[in-house]
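With mmCIF, C-alpha atoms inside, this is input.cif:
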```cif
data_coords
#
loop_
_atom_site.group_PDB
_atom_site.id
_atom_site.type_symbol
_atom_site.label_atom_id
_atom_site.label_comp_id
_atom_site.auth_asym_id
_atom_site.auth_seq_id
_atom_site.Cartn_x
_atom_site.Cartn_y
_atom_site.Cartn_z
ATOM 1 C CA MET P 69 62.016 5.100 49.644
ATOM 2 C CA SER P 70 58.440 4.082 48.909
ATOM 3 C CA GLU P 71 57.606 0.433 48.352
ATOM 4 C CA LYS P 72 57.297 -0.657 44.760
ATOM 5 C CA HIS P 73 53.649 -1.062 43.686
ATOM 6 C CA HIS P 74 52.775 -4.552 42.389
ATOM 7 C CA LYS P 75 50.036 -4.832 39.822
ATOM 8 C CA PRO P 76 47.598 -7.621 40.858
ATOM 9 C CA GLU P 77 47.515 -10.654 38.616
ATOM 10 C CA VAL P 78 44.165 -11.004 36.848
ATOM 11 C CA PRO P 79 42.959 -14.623 36.880
ATOM 12 C CA GLN P 80 41.918 -16.501 33.780
ATOM 13 C CA PRO P 81 38.122 -16.186 33.236
ATOM 14 C CA PRO P 82 36.345 -19.410 34.177
ATOM 15 C CA HIS P 83 34.720 -21.619 31.582
ATOM 16 C CA PRO P 84 31.052 -20.636 31.160
ATOM 17 C CA GLU P 85 29.868 -24.208 31.801
ATOM 18 C CA GLN P 86 32.657 -26.544 32.883
ATOM 19 C CA ARG P 87 34.461 -26.723 36.215
ATOM 20 C CA LYS P 88 37.831 -28.254 37.035
ATOM 21 C CA GLU P 89 36.315 -29.856 40.109
ATOM 22 C CA PRO P 90 32.663 -30.967 40.120
ATOM 23 C CA LEU P 91 30.364 -29.553 42.752
ATOM 24 C CA PRO P 92 29.047 -31.968 45.393
ATOM 25 C CA TRP P 93 25.594 -32.326 43.913
ATOM 26 C CA GLN P 94 26.910 -33.308 40.494
ATOM 27 C CA THR P 95 27.555 -36.831 41.713
ATOM 28 C CA PRO P 96 24.850 -38.979 43.372
ATOM 29 C CA LYS P 97 25.376 -40.355 46.823
ATOM 30 C CA SER P 98 27.502 -43.484 46.682
ATOM 31 C CA PRO P 99 25.817 -46.869 47.269
ATOM 32 C CA GLN P 100 28.875 -47.739 49.351
ATOM 33 C CA GLU P 101 27.635 -45.164 51.845
ATOM 34 C CA ASP P 102 24.001 -46.306 51.619
ATOM 35 C CA PRO P 103 23.106 -49.448 49.622
ATOM 36 C CA GLU P 104 19.489 -48.288 49.244
ATOM 37 C CA CYS P 105 20.566 -44.958 47.766
ATOM 38 C CA PRO P 106 20.140 -45.778 44.009
ATOM 39 C CA ASP P 107 16.533 -46.961 44.449
ATOM 40 C CA LYS P 108 15.637 -44.005 46.620
ATOM 41 C CA LEU P 109 17.184 -41.575 44.159
ATOM 42 C CA GLN P 110 15.396 -43.175 41.213
ATOM 43 C CA ALA P 111 12.066 -42.899 43.044
ATOM 44 C CA ILE P 112 12.647 -39.163 43.403
ATOM 45 C CA LEU P 113 13.639 -38.723 39.759
ATOM 46 C CA ASP P 114 10.535 -40.666 38.642
ATOM 47 C CA SER P 115 8.142 -38.693 40.823
ATOM 48 C CA PRO P 116 5.722 -36.316 38.981
ATOM 49 C CA SER P 117 6.676 -33.610 41.473
ATOM 50 C CA TYR P 118 10.215 -33.560 40.037
ATOM 51 C CA ILE P 119 9.064 -32.677 36.518
ATOM 52 C CA PRO P 120 9.660 -28.954 35.859
ATOM 53 C CA ALA P 121 6.335 -27.123 35.841
ATOM 54 C CA VAL P 122 6.773 -25.934 32.241
ATOM 55 C CA GLU P 123 7.214 -29.572 31.109
ATOM 56 C CA ASP P 124 4.529 -31.145 33.317
ATOM 57 C CA VAL P 125 1.615 -31.596 30.913
ATOM 58 C CA ASP P 126 -0.689 -33.086 33.556
ATOM 59 C CA PHE P 127 -0.086 -30.094 35.809
ATOM 60 C CA LEU P 128 -0.541 -27.580 32.990
ATOM 61 C CA ASP P 129 -3.811 -29.257 31.983
ATOM 62 C CA GLY P 130 -5.160 -29.112 35.538
ATOM 63 C CA ASP P 131 -7.592 -26.631 37.049
ATOM 64 C CA ASP P 132 -4.880 -24.917 39.122
ATOM 65 C CA ALA P 133 -2.972 -23.839 35.995
ATOM 66 C CA ARG P 134 -5.974 -22.366 34.188
ATOM 67 C CA GLY P 135 -4.734 -18.816 34.785
ATOM 68 C CA VAL P 136 -1.373 -19.681 33.252
ATOM 69 C CA ARG P 137 -3.044 -21.287 30.220
ATOM 70 C CA LEU P 138 -5.167 -18.178 29.716
ATOM 71 C CA GLN P 139 -2.029 -16.042 29.714
ATOM 72 C CA LEU P 140 -0.282 -18.334 27.227
ATOM 73 C CA ASP P 141 -3.337 -18.349 24.939
ATOM 74 C CA TYR P 142 -2.993 -14.568 24.825
ATOM 75 C CA LEU P 143 0.783 -14.163 24.759
ATOM 76 C CA LYS P 144 1.889 -16.499 21.977
ATOM 77 C CA PRO P 145 -0.354 -15.104 19.189
ATOM 78 C CA ASP P 146 0.242 -11.542 20.370
ATOM 79 C CA ARG P 147 4.001 -11.972 20.167
ATOM 80 C CA LEU P 148 3.976 -13.562 16.704
ATOM 81 C CA LEU P 149 1.518 -11.045 15.254
ATOM 82 C CA LYS P 150 3.806 -8.247 16.417
ATOM 83 C CA GLN P 151 6.857 -10.005 14.975
ATOM 84 C CA HIS P 152 5.143 -10.149 11.574
ATOM 85 C CA GLY P 153 4.189 -6.471 11.684
ATOM 86 C CA VAL P 154 0.424 -7.089 11.925
ATOM 87 C CA GLN P 155 -1.063 -3.927 13.396
ATOM 88 C CA HIS P 156 -4.699 -4.232 12.378
ATOM 89 C CA THR P 157 -7.061 -6.814 10.933
ATOM 90 C CA ILE P 158 -10.314 -7.098 9.052
ATOM 91 C CA VAL P 159 -12.138 -10.036 10.579
ATOM 92 C CA VAL P 160 -14.224 -12.151 8.216
ATOM 93 C CA PHE P 161 -16.834 -14.640 9.408
ATOM 94 C CA GLY P 162 -19.271 -16.903 7.600
ATOM 95 C CA SER P 163 -20.505 -20.449 7.338
ATOM 96 C CA THR P 164 -18.073 -23.335 7.117
ATOM 97 C CA ARG P 165 -20.691 -25.057 4.944
ATOM 98 C CA ILE P 166 -20.755 -22.529 2.091
ATOM 99 C CA ILE P 167 -18.197 -23.950 -0.317
ATOM 100 C CA GLU P 168 -16.878 -22.729 -3.649
ATOM 101 C CA PRO P 169 -19.369 -22.826 -6.561
ATOM 102 C CA SER P 170 -17.769 -25.687 -8.490
ATOM 103 C CA ALA P 171 -17.742 -27.963 -5.432
ATOM 104 C CA ALA P 172 -21.305 -26.962 -4.531
ATOM 105 C CA GLN P 173 -22.487 -27.744 -8.074
ATOM 106 C CA GLN P 174 -20.814 -31.159 -8.004
ATOM 107 C CA LYS P 175 -22.541 -32.035 -4.737
ATOM 108 C CA VAL P 176 -25.934 -31.058 -6.136
ATOM 109 C CA GLN P 177 -25.293 -33.147 -9.246
ATOM 110 C CA ARG P 178 -24.312 -36.235 -7.218
ATOM 111 C CA LEU P 179 -27.477 -35.980 -5.112
ATOM 112 C CA ARG P 180 -29.676 -35.523 -8.188
ATOM 113 C CA GLU P 181 -28.184 -38.651 -9.731
ATOM 114 C CA ALA P 182 -28.699 -40.579 -6.491
ATOM 115 C CA LEU P 183 -32.306 -39.429 -6.334
ATOM 116 C CA LEU P 184 -32.964 -40.719 -9.855
ATOM 117 C CA ALA P 185 -32.301 -44.213 -8.526
ATOM 118 C CA ASP P 186 -34.744 -43.752 -5.658
ATOM 119 C CA SER P 187 -37.071 -40.801 -6.174
ATOM 120 C CA ASN P 188 -39.045 -41.561 -2.986
ATOM 121 C CA ASP P 189 -36.080 -41.322 -0.613
ATOM 122 C CA GLN P 190 -37.095 -38.431 1.655
ATOM 123 C CA GLU P 191 -33.656 -38.084 3.232
ATOM 124 C CA LEU P 192 -32.068 -37.704 -0.220
ATOM 125 C CA GLN P 193 -34.726 -35.118 -1.088
ATOM 126 C CA ARG P 194 -33.910 -33.170 2.060
ATOM 127 C CA ARG P 195 -30.170 -33.312 1.423
ATOM 128 C CA LEU P 196 -30.672 -32.181 -2.170
ATOM 129 C CA PHE P 197 -32.781 -29.232 -1.028
ATOM 130 C CA VAL P 198 -30.052 -28.146 1.407
ATOM 131 C CA ALA P 199 -27.332 -28.636 -1.217
ATOM 132 C CA GLU P 200 -29.268 -26.445 -3.650
ATOM 133 C CA ARG P 201 -29.569 -23.727 -0.996
ATOM 134 C CA ILE P 202 -25.810 -23.909 -0.413
ATOM 135 C CA LEU P 203 -25.235 -23.681 -4.177
ATOM 136 C CA ALA P 204 -27.427 -20.576 -4.298
ATOM 137 C CA LYS P 205 -25.171 -18.956 -1.678
ATOM 138 C CA SER P 206 -21.866 -20.238 -3.066
ATOM 139 C CA HIS P 207 -21.264 -16.984 -4.951
ATOM 140 C CA TYR P 208 -20.438 -15.481 -1.552
ATOM 141 C CA TYR P 209 -17.303 -17.640 -1.571
ATOM 142 C CA ASP P 210 -16.102 -15.731 -4.627
ATOM 143 C CA ILE P 211 -17.081 -12.390 -3.091
ATOM 144 C CA ALA P 212 -15.110 -13.111 0.100
ATOM 145 C CA ARG P 213 -12.133 -14.184 -1.981
ATOM 146 C CA GLN P 214 -12.294 -11.025 -4.109
ATOM 147 C CA PHE P 215 -12.673 -8.812 -1.048
ATOM 148 C CA SER P 216 -9.633 -10.220 0.705
ATOM 149 C CA GLN P 217 -7.601 -9.664 -2.458
ATOM 150 C CA LEU P 218 -8.541 -5.987 -2.237
ATOM 151 C CA VAL P 219 -7.388 -5.899 1.377
ATOM 152 C CA ALA P 220 -4.097 -7.658 0.595
ATOM 153 C CA ASN P 221 -3.337 -5.220 -2.235
ATOM 154 C CA ALA P 222 -4.175 -2.139 -0.169
ATOM 155 C CA GLY P 223 -1.631 0.147 1.442
ATOM 156 C CA GLU P 224 1.815 -0.559 0.032
ATOM 157 C CA GLY P 225 0.800 -3.897 -1.456
ATOM 158 C CA PRO P 226 0.830 -7.554 -0.366
ATOM 159 C CA LEU P 227 4.078 -7.205 1.597
ATOM 160 C CA ASP P 228 2.501 -4.502 3.772
ATOM 161 C CA SER P 229 1.259 -6.362 6.867
ATOM 162 C CA ARG P 230 -0.238 -3.414 8.725
ATOM 163 C CA LEU P 231 -3.752 -4.509 7.736
ATOM 164 C CA VAL P 232 -4.466 -8.189 7.095
ATOM 165 C CA ILE P 233 -7.420 -10.557 6.833
ATOM 166 C CA MET P 234 -8.169 -12.619 9.942
ATOM 167 C CA THR P 235 -10.610 -15.548 10.070
ATOM 168 C CA GLY P 236 -11.495 -18.450 12.313
ATOM 169 C CA GLY P 237 -9.188 -20.592 10.199
ATOM 170 C CA GLY P 238 -11.754 -23.162 9.066
ATOM 171 C CA PRO P 239 -13.282 -24.111 5.718
ATOM 172 C CA GLY P 240 -16.089 -22.451 3.756
ATOM 173 C CA MET P 241 -16.289 -18.676 3.947
ATOM 174 C CA MET P 242 -13.217 -18.452 6.172
ATOM 175 C CA GLU P 243 -11.234 -20.430 3.611
ATOM 176 C CA ALA P 244 -12.422 -18.061 0.885
ATOM 177 C CA ALA P 245 -11.223 -14.999 2.809
ATOM 178 C CA ASN P 246 -7.808 -16.471 3.611
ATOM 179 C CA ARG P 247 -7.536 -17.734 0.036
ATOM 180 C CA GLY P 248 -8.001 -14.348 -1.575
ATOM 181 C CA ALA P 249 -5.205 -12.811 0.477
ATOM 182 C CA HIS P 250 -3.049 -15.846 -0.250
ATOM 183 C CA ASP P 251 -3.747 -15.459 -3.993
ATOM 184 C CA ALA P 252 -2.501 -11.882 -3.808
ATOM 185 C CA GLY P 253 0.687 -12.899 -1.983
ATOM 186 C CA GLY P 254 -0.290 -11.269 1.284
ATOM 187 C CA LYS P 255 -0.108 -12.532 4.845
ATOM 188 C CA THR P 256 -3.343 -13.791 6.347
ATOM 189 C CA VAL P 257 -4.269 -14.982 9.842
ATOM 190 C CA GLY P 258 -6.332 -17.936 11.069
ATOM 191 C CA LEU P 259 -7.432 -18.497 14.672
ATOM 192 C CA ASN P 260 -8.309 -22.158 15.121
ATOM 193 C CA ILE P 261 -9.759 -23.712 18.284
ATOM 194 C CA THR P 262 -9.198 -27.111 19.857
ATOM 195 C CA LEU P 263 -12.422 -29.128 19.715
ATOM 196 C CA PRO P 264 -13.443 -32.668 20.711
ATOM 197 C CA ARG P 265 -13.174 -33.564 17.030
ATOM 198 C CA GLU P 266 -10.031 -32.248 15.400
ATOM 199 C CA GLN P 267 -10.471 -29.103 13.310
ATOM 200 C CA TYR P 268 -8.069 -28.787 10.402
ATOM 201 C CA PRO P 269 -7.060 -25.272 9.341
ATOM 202 C CA ASN P 270 -7.674 -24.324 5.740
ATOM 203 C CA PRO P 271 -4.489 -24.449 3.630
ATOM 204 C CA TYR P 272 -4.448 -20.768 2.652
ATOM 205 C CA ILE P 273 -3.444 -19.315 6.031
ATOM 206 C CA THR P 274 0.105 -18.029 6.373
ATOM 207 C CA PRO P 275 1.748 -20.937 8.261
ATOM 208 C CA GLU P 276 3.466 -18.659 10.780
ATOM 209 C CA LEU P 277 0.142 -16.916 11.502
ATOM 210 C CA CYS P 278 -2.118 -19.906 12.105
ATOM 211 C CA PHE P 279 -2.863 -20.250 15.813
ATOM 212 C CA GLN P 280 -4.663 -22.914 17.802
ATOM 213 C CA PHE P 281 -6.496 -21.737 20.933
ATOM 214 C CA HIS P 282 -7.655 -23.710 23.938
ATOM 215 C CA TYR P 283 -10.117 -21.063 25.132
ATOM 216 C CA PHE P 284 -12.903 -19.545 23.060
ATOM 217 C CA SER P 285 -12.700 -16.410 25.232
ATOM 218 C CA LEU P 286 -9.063 -15.678 24.338
ATOM 219 C CA ARG P 287 -9.729 -16.451 20.689
ATOM 220 C CA LYS P 288 -12.611 -13.968 20.731
ATOM 221 C CA MET P 289 -10.352 -11.401 22.364
ATOM 222 C CA HIS P 290 -7.794 -11.699 19.578
ATOM 223 C CA PHE P 291 -10.539 -11.324 16.975
ATOM 224 C CA VAL P 292 -11.483 -7.935 18.410
ATOM 225 C CA LEU P 293 -8.110 -6.721 19.687
ATOM 226 C CA ARG P 294 -6.755 -5.484 16.344
ATOM 227 C CA ALA P 295 -9.994 -5.365 14.352
ATOM 228 C CA ARG P 296 -10.599 -2.392 12.071
ATOM 229 C CA ALA P 297 -13.806 -3.980 10.758
ATOM 230 C CA LEU P 298 -16.000 -7.055 10.957
ATOM 231 C CA VAL P 299 -17.390 -8.505 7.729
ATOM 232 C CA ALA P 300 -20.020 -11.212 8.243
ATOM 233 C CA PHE P 301 -21.178 -13.443 5.409
ATOM 234 C CA PRO P 302 -24.188 -15.770 5.771
ATOM 235 C CA GLY P 303 -23.508 -18.241 8.537
ATOM 236 C CA GLY P 304 -24.799 -20.188 11.479
ATOM 237 C CA TYR P 305 -24.284 -20.277 15.231
ATOM 238 C CA GLY P 306 -20.563 -19.448 15.126
ATOM 239 C CA THR P 307 -21.095 -16.470 12.843
ATOM 240 C CA PHE P 308 -23.998 -15.219 14.955
ATOM 241 C CA ASP P 309 -21.935 -15.627 18.118
ATOM 242 C CA GLU P 310 -19.099 -13.423 16.894
ATOM 243 C CA LEU P 311 -21.427 -10.931 15.205
ATOM 244 C CA PHE P 312 -23.682 -10.291 18.185
ATOM 245 C CA GLU P 313 -20.795 -10.202 20.627
ATOM 246 C CA THR P 314 -19.101 -7.518 18.528
ATOM 247 C CA LEU P 315 -22.344 -5.547 18.150
ATOM 248 C CA THR P 316 -22.827 -5.699 21.932
ATOM 249 C CA LEU P 317 -19.308 -4.415 22.566
ATOM 250 C CA ILE P 318 -19.936 -1.521 20.181
ATOM 251 C CA GLN P 319 -23.438 -0.833 21.499
ATOM 252 C CA THR P 320 -22.159 -0.577 25.069
ATOM 253 C CA ARG P 321 -19.007 1.292 23.937
ATOM 254 C CA LYS P 322 -16.897 -1.312 25.661
ATOM 255 C CA ILE P 323 -14.744 -1.018 22.560
ATOM 256 C CA LYS P 324 -14.231 1.888 20.218
ATOM 257 C CA PRO P 325 -16.864 1.506 17.453
ATOM 258 C CA ILE P 326 -15.711 -0.291 14.319
ATOM 259 C CA PRO P 327 -17.659 -0.807 11.083
ATOM 260 C CA VAL P 328 -19.708 -3.984 10.773
ATOM 261 C CA VAL P 329 -20.812 -5.147 7.318
ATOM 262 C CA LEU P 330 -23.396 -7.884 6.724
ATOM 263 C CA VAL P 331 -22.938 -9.344 3.256
ATOM 264 C CA GLY P 332 -26.116 -10.646 1.622
ATOM 265 C CA GLU P 333 -29.056 -8.480 2.680
ATOM 266 C CA ALA P 334 -31.701 -11.046 1.696
ATOM 267 C CA PHE P 335 -30.180 -13.628 4.027
ATOM 268 C CA TRP P 336 -29.602 -11.271 6.938
ATOM 269 C CA GLN P 337 -32.995 -9.574 6.763
ATOM 270 C CA LYS P 338 -34.610 -12.974 7.205
ATOM 271 C CA ALA P 339 -32.136 -14.341 9.749
ATOM 272 C CA PHE P 340 -31.878 -11.176 11.834
ATOM 273 C CA ASP P 341 -34.961 -8.919 12.004
ATOM 274 C CA VAL P 342 -33.503 -5.794 13.565
ATOM 275 C CA ASP P 343 -36.679 -3.787 12.928
ATOM 276 C CA PHE P 344 -38.636 -6.294 15.008
ATOM 277 C CA LEU P 345 -36.181 -5.843 17.885
ATOM 278 C CA VAL P 346 -36.568 -2.050 17.697
ATOM 279 C CA GLU P 347 -40.363 -2.306 17.573
ATOM 280 C CA GLU P 348 -40.340 -4.627 20.574
ATOM 281 C CA GLY P 349 -38.262 -2.092 22.479
ATOM 282 C CA VAL P 350 -35.405 -4.453 23.285
ATOM 283 C CA ILE P 351 -32.865 -2.321 21.381
ATOM 284 C CA ASP P 352 -32.870 1.367 20.459
ATOM 285 C CA ALA P 353 -33.466 2.816 17.007
ATOM 286 C CA GLU P 354 -29.860 4.027 16.831
ATOM 287 C CA ASP P 355 -28.685 0.415 17.168
ATOM 288 C CA ARG P 356 -29.831 -0.127 13.573
ATOM 289 C CA GLU P 357 -26.880 2.052 12.562
ATOM 290 C CA LEU P 358 -24.245 -0.224 14.041
ATOM 291 C CA PHE P 359 -24.066 -2.149 10.749
ATOM 292 C CA TRP P 360 -25.005 -1.993 7.093
ATOM 293 C CA PHE P 361 -25.525 -4.391 4.194
ATOM 294 C CA ALA P 362 -23.355 -5.026 1.132
ATOM 295 C CA GLU P 363 -23.510 -7.331 -1.879
ATOM 296 C CA THR P 364 -20.135 -7.179 -3.649
ATOM 297 C CA ALA P 365 -16.465 -7.047 -2.715
ATOM 298 C CA GLU P 366 -16.254 -3.498 -4.035
ATOM 299 C CA ASP P 367 -19.302 -2.499 -1.954
ATOM 300 C CA ILE P 368 -17.653 -3.806 1.211
ATOM 301 C CA TRP P 369 -14.288 -2.166 0.549
ATOM 302 C CA SER P 370 -15.618 1.232 -0.493
ATOM 303 C CA GLY P 371 -18.066 1.222 2.439
ATOM 304 C CA LEU P 372 -15.272 0.616 4.938
ATOM 305 C CA GLN P 373 -13.159 3.393 3.450
ATOM 306 C CA ASP P 374 -16.120 5.775 3.531
ATOM 307 C CA TRP P 375 -16.872 4.914 7.179
ATOM 308 C CA TYR P 376 -13.323 5.782 8.228
ATOM 309 C CA GLN P 377 -13.254 8.970 6.151
ATOM 310 C CA ARG P 378 -16.459 10.108 7.869
ATOM 311 C CA ASN P 379 -14.788 9.364 11.172
ATOM 312 C CA GLY P 380 -11.741 11.449 10.247
ATOM 313 C CA GLU P 381 -9.462 8.418 10.135
ATOM 314 C CA SER P 382 -7.738 6.132 7.668
ATOM 315 C CA LEU P 383 -8.702 2.470 7.325
ATOM 316 C CA ILE P 384 -5.028 1.557 7.070
ATOM 317 C CA ALA P 385 -3.205 2.898 10.117
ATOM 318 C CA LYS P 386 -0.050 4.846 9.451
#
```
In structure tokens, how does this file's structure come out?
Amino acid sequence: MSEKHHKPEVPQPPHPEQRKEPLPWQTPKSPQEDPECPDKLQAILDSPSYIPAVEDVDFLDGDDARGVRLQLDYLKPDRLLKQHGVQHTIVVFGSTRIIEPSAAQQKVQRLREALLADSNDQELQRRLFVAERILAKSHYYDIARQFSQLVANAGEGPLDSRLVIMTGGGPGMMEAANRGAHDAGGKTVGLNITLPREQYPNPYITPELCFQFHYFSLRKMHFVLRARALVAFPGGYGTFDELFETLTLIQTRKIKPIPVVLVGEAFWQKAFDVDFLVEEGVIDAEDRELFWFAETAEDIWSGLQDWYQRNGESLIAK
């Protein structure tokens, strides 16, 4: 007769964390074995080398970890933008100093009143002149706000995050652009940068889509990475930086061409004499066609749609 087959007994699955008997390294060496052991062990635990790399701020801030920081500056925003369904952006730039008309008017009024008390104060005269120039441009705040409302309401409406407004996250024209999308109930992105003096984001950015970068280079990359258009309002060094970098990328075909709109022809013709550059031979005549001018929110929006139709594409990706 054959031997009877015994089914093996299956042991109870172990606890995922706890053991019945601790492993040797779960208990420090006894001071009875070595009286100096506690002090030696504490010295090890207190040593900077024992801090896990991901928690060691001094290490992460050092030169050796720069490559890691660059990766993190890219990865975190990229992950969250994907999670929120943001496929494409319209990037809006402009001066942080151009404020909404009511605030600009109040500033002019305060300076005029101050000047009445001392009409010979040259510094007050200068500040009033600048404030009046800002007031003259403050209507661009409303235009940026109206334009971003059009963007937020495009596609399937404000809940459609395939195309959203992206700004540098600061005040002025960037605030206006984020504010319009916020008014419409749409998501809107702000890319802030750490600076020696703290930069506060404007309050109209979607909280989950406001990012703070350490590196300008990675911030610039995210501006261009999903951009379907660049809309530049009157601005200073920061606006010029982003504008000319984008134009260079398009000119050299380092990126696929995207439409670039300069809002406020009178300002841009004076600030940026493209005809002079062509005449001097430092750019080609065709480089004039890398951008165009607009004056109203409707002009910007219809121009972008027309550009994509001519290119056989849709402004809002499907």
Using all atoms listed in the file, which protein or nucleic acid residues come within 9 Å of P:Met241? Drop anything in the same chain fewer than 6 positions from it, and give the result as a CSV table (one decimal) with C-alpha atoms, in the coordinates of the input.
```csv
chain,number,residue,atom,x,y,z
P,160,VAL,CA,-14.2,-12.2,8.2
P,161,PHE,CA,-16.8,-14.6,9.4
P,162,GLY,CA,-19.3,-16.9,7.6
P,163,SER,CA,-20.5,-20.4,7.3
P,164,THR,CA,-18.1,-23.3,7.1
P,165,ARG,CA,-20.7,-25.1,4.9
P,166,ILE,CA,-20.8,-22.5,2.1
P,167,ILE,CA,-18.2,-24.0,-0.3
P,168,GLU,CA,-16.9,-22.7,-3.6
P,208,TYR,CA,-20.4,-15.5,-1.6
P,209,TYR,CA,-17.3,-17.6,-1.6
P,212,ALA,CA,-15.1,-13.1,0.1
P,213,ARG,CA,-12.1,-14.2,-2.0
P,235,THR,CA,-10.6,-15.5,10.1
P,301,PHE,CA,-21.2,-13.4,5.4
P,302,PRO,CA,-24.2,-15.8,5.8
P,303,GLY,CA,-23.5,-18.2,8.5
```
(message) At a cut-off of 10 Å around the point (-5.2, -21.7, 17.7) (file coordinates), what residues fall inside when counting all atoms listed in the file? I'd like the answer as a list in words.
(response)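 Residues lying no farther than 10 Å from the given point: Asp141, Lys144, Pro145, Gly236, Gly237, Gly258, Leu259, Asn260, Ile261, Thr262, Pro269, Leu277, Cys278, Phe279, Gln280, Phe281, His282, Tyr283, Phe284, Leu286 and Arg287 of chain P.
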(request) For P:Gln193, list every protein, DNA or RNA residue within 10 Å, evaluated using all atoms listed in the file, and leave out those in the same chain fewer than 5 positions away; present the list as a PyMOL selection string. (result) chain P and resi 179-180+182-183+186-188+198-199
(request) Please identify all polymer residues within 12 Å of stretch 308-321 of chain P, counting all atoms listed in the file, omitting same-chain residues fewer than 4 positions from it, and present them as a PyMOL selection string. (result) chain P and resi 159-163+235-236+284-285+287-293+295-304+325-330+336+339-340+342+351-360
(message) Can you measure atom CA of P:Thr157 to atom CA of P:Ala362 for me? One decimal in Å is fine.
(response) 19.1 Å
(message) Rounded to one decimal, what separation in Å do you get between atom CA of P:Gly253 and atom CA of P:Lys150?
(response)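 Atom CA of P:Lys150 lies at a distance of 19.2 Å from atom CA of P:Gly253.
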(message) Please report the interatomic distance between atom CA of P:Ser382 and atom CA of P:Ser370 in Å with one decimal.
(response) 12.4 Å
(request) Tell me which residues the PyMOL selection byres ((chain P and resi 366) around 12) grabs here, as number ranges by chain. (result) P: 211-219, 331, 362-365, 367-374
